[in-house]
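Inspection log for the structure reproduced underneath, given as structure tokens.
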Protein chains: 2
Amino acid sequence: MKIAISGKGGVGKTTITSILAKQLAEKHSTVFAMDADPDACLASALGIPEEKALNIKPVVEMRDLIRNRTGAGSFYVLNPKLDDAVEDYCYKHGNIWFLRMGDVKKGGSECYCRENTFLNALVSSLLLERDEAVLMDMGAGIEHLTRGTARGVDLILVVIEPNKNSINTAHRVQQLAEDLSIKNVKVIANKINGDKQKQFIEDNFNDNDILGIIKYNENIWESSLESSLPNELGEDTIEQINNICSKIEAEINNNEKKY
Amino acid sequence: MKIAISGKGGVGKTTITSILAKQLAEKHSTVFAMDADPDACLASALGIPEEKALNIKPVVEMRDLIRNRTGAGSFYVLNPKLDDAVEDYCYKHGNIWFLRMGDVKKGGSECYCRENTFLNALVSSLLLERDEAVLMDMGAGIEHLTRGTARGVDLILVVIEPNKNSINTAHRVQQLAEDLSIKNVKVIANKINGDKQKQFIEDNFNDNDILGIIKYNENIWESSLESSLPNELGEDTIEQINNICSKIEAEINNNEKKY
């Protein structure tokens, strides 16, 4: 199960990725949680101290390792659990293995094309066991899709919040995912406050596209002052997320049957 | 006066750019408002109908025009008001001339490096009159700084909201701007609700770095359901923005005296 989490900036991609990772990790032997945003904050949302996250090698450096083994350009498959070298690139946090795409570069030095290209090759080559999952927290906006970074995932989750701009972005993501032949694109509506906002979301998407709705949760917003770690979610939010996790698994299973 | 508006996704870059553009346009003969985000929404925040914005040529196409006139690689200066050809790339909305960096591309087709590189060359070459201003609404995050798109601006405004992640991004922007030799980086704190949040911002920056504080405004959030156009700002918000505009002009004037 390989999943990319996409959407406009500020909708809650990283928070939702971190919560999904934790929930999926309860049933899965390993959840690979990849921070694919140069402006990274997934590690702290997972409760991993920043200095520990920065100490692991970014996956873009794995390129040389793989090139040395396979020769440039040749096909490779990578089973991370069978490959000790992969451990240098992971921070293990229970069943969650955290990875990060690249380092913060100097101003004016470089784009992140190299990182994105390699990340796509890496994710495509990952050979997962049935009870393993990959979650990729993508950068804000659409460039990870025009670049093709997310090509090869089984599912794109587009996080939206109740405003017009985040919905416009979601519609762009749906279109770009089609270009990448990704059939399975679902929407998670976040920060929904009341029936009017719920209706607004339902008016803008097919019922079938909406995987779940997460209600506005003051606790998440309050805790974001002191820390990047969403805590004290409360029973309601946990139930909403668990529903989404069940639907994700159903989506993936359906998909396996179809293709 | 060339200004880039930067910051984490969702903090309100585009809304603030659009309001600043309108306020600056009251005193300036021309404000060039550039949408430098591939996931664009500045046009609609300015009240420009989307189909009209999409009908103007993106500035990346100006590359060929300039190349034909100057020969590849040669130095050029561009005074947009004296150059009729520039009009094809602008949508004039009162004193605001809207421009956009590039088109939405197909999924998996390309990055936005070409657009960013040209945009930097273009902004550097713009020869402005004293009463003209350029505002660039940058993409979320930090890649426009590692790419060097914003190199050559007089001022970077980093928009933050009261949470840890947007402040971390702002600190990264300050560092990256230093790499680009941009001396003038100021923070605008947005969506500030109460003294605790104001204190939180003040604890995280030098007084000198904070250009202004915009209080949380329910109207902006409410209107974002139906439209991308922030309306009915109310007197308080307009006063806060006007204060910021005055400080921007003071910053730029100080800067001119210094260098």
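Chain identifiers are assigned as A, B, and so on, following the order in which chains appear in the structure tokens; residues are numbered from 1 within each chain, and ligands are numbered from 1 in order of appearance.
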query: chain A residues within 8 Å of chain B, counting only C-alpha atoms: which ones, as a PyMOL selection string?
result: chain A and resi 8-11+38-39+41+105-113+139-143+145-149+151+162-165+169+175-180+197+200+221+224-228
request  = Return as a PyMOL selection string the full set of residues in segment 24-219 of chain B whose backbone-based DSSP assignment is strand (DSSP E).
outcome  = chain B and resi 30-36+91-93+96-100+132-138+155-160+185-192+210-215
Preceding selection exported with C-alpha atoms as an mmCIF file, in the first residue's frame:
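Printed below is result-v1.cif as written:
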```cif
data_model
loop_
_atom_site.group_PDB
_atom_site.id
_atom_site.type_symbol
_atom_site.label_atom_id
_atom_site.label_comp_id
_atom_site.auth_asym_id
_atom_site.auth_seq_id
_atom_site.Cartn_x
_atom_site.Cartn_y
_atom_site.Cartn_z
ATOM 1 C CA THR B 30 1.541 50.984 -10.874
ATOM 2 C CA VAL B 31 1.755 47.869 -8.730
ATOM 3 C CA PHE B 32 2.934 44.785 -10.621
ATOM 4 C CA ALA B 33 1.356 41.810 -8.854
ATOM 5 C CA MET B 34 3.031 38.570 -9.867
ATOM 6 C CA ASP B 35 1.634 35.128 -9.120
ATOM 7 C CA ALA B 36 4.780 33.024 -8.721
ATOM 8 C CA TYR B 91 -4.012 42.048 -16.984
ATOM 9 C CA LYS B 92 -4.622 45.627 -15.907
ATOM 10 C CA HIS B 93 -6.931 45.996 -12.962
ATOM 11 C CA ILE B 96 -2.601 46.856 -10.481
ATOM 12 C CA TRP B 97 -0.954 45.024 -13.366
ATOM 13 C CA PHE B 98 -1.388 41.293 -12.753
ATOM 14 C CA LEU B 99 1.138 38.824 -14.177
ATOM 15 C CA ARG B 100 1.543 35.096 -13.730
ATOM 16 C CA GLU B 132 6.097 51.710 -8.992
ATOM 17 C CA ALA B 133 6.145 48.512 -6.962
ATOM 18 C CA VAL B 134 6.443 44.787 -7.629
ATOM 19 C CA LEU B 135 4.785 42.244 -5.341
ATOM 20 C CA MET B 136 5.536 38.574 -5.906
ATOM 21 C CA ASP B 137 3.320 35.960 -4.286
ATOM 22 C CA MET B 138 5.697 33.002 -3.950
ATOM 23 C CA LEU B 155 12.416 43.032 0.797
ATOM 24 C CA ILE B 156 11.048 39.613 1.718
ATOM 25 C CA LEU B 157 7.860 39.618 3.743
ATOM 26 C CA VAL B 158 7.421 36.313 5.562
ATOM 27 C CA VAL B 159 3.844 35.699 6.590
ATOM 28 C CA ILE B 160 3.365 33.575 9.699
ATOM 29 C CA VAL B 185 13.451 40.260 5.735
ATOM 30 C CA LYS B 186 10.413 41.159 7.802
ATOM 31 C CA VAL B 187 7.656 39.136 9.416
ATOM 32 C CA ILE B 188 3.918 39.783 9.151
ATOM 33 C CA ALA B 189 2.023 37.856 11.813
ATOM 34 C CA ASN B 190 -1.424 36.899 10.526
ATOM 35 C CA LYS B 191 -4.583 35.465 12.186
ATOM 36 C CA ILE B 192 -3.512 36.582 15.659
ATOM 37 C CA ILE B 210 8.086 42.087 13.072
ATOM 38 C CA LEU B 211 6.658 44.517 10.556
ATOM 39 C CA GLY B 212 3.072 44.142 11.644
ATOM 40 C CA ILE B 213 0.359 42.064 13.201
ATOM 41 C CA ILE B 214 -2.973 41.313 11.543
ATOM 42 C CA LYS B 215 -5.639 40.158 13.935
#
```
Next on the checklist: Report, in Å to a single decimal, how far apart atom CA of Ala25 of chain B and atom CA of Glu249 of chain B are.
Outcome noted: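 Here the two named atoms are 12.8 Å from each other.
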* May I have all residues of segment 17-257 of chain A that DSSP, computed from the backbone, assigns to helix (DSSP H, G or I), given as a VMD selection string? => chain A and resid 17 to 27 42 to 45 50 to 55 59 to 70 80 to 82 84 to 89 113 to 125 143 to 146 164 to 179 195 to 204 207 to 209 218 to 223 234 to 257
Counting only C-alpha atoms, closest pick from B:Glu202, B:Asp207, B:Asp83, B:Glu50 relative to Met62 of chain B is B:Asp83
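Interatomic distance, atom CA of Glu129 of chain B against atom CA of Tyr89 of chain B: 19.2 Å.
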Here atom CA of Lys2 of chain B and atom CA of Leu233 of chain B stand apart by 25.3 Å
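For the choices A:Thr14, A:Ala53, A:Cys245, A:Ile19, the atom-to-atom distance to Glu232 of chain A is smallest for A:Ile19 when using only C-alpha atoms.
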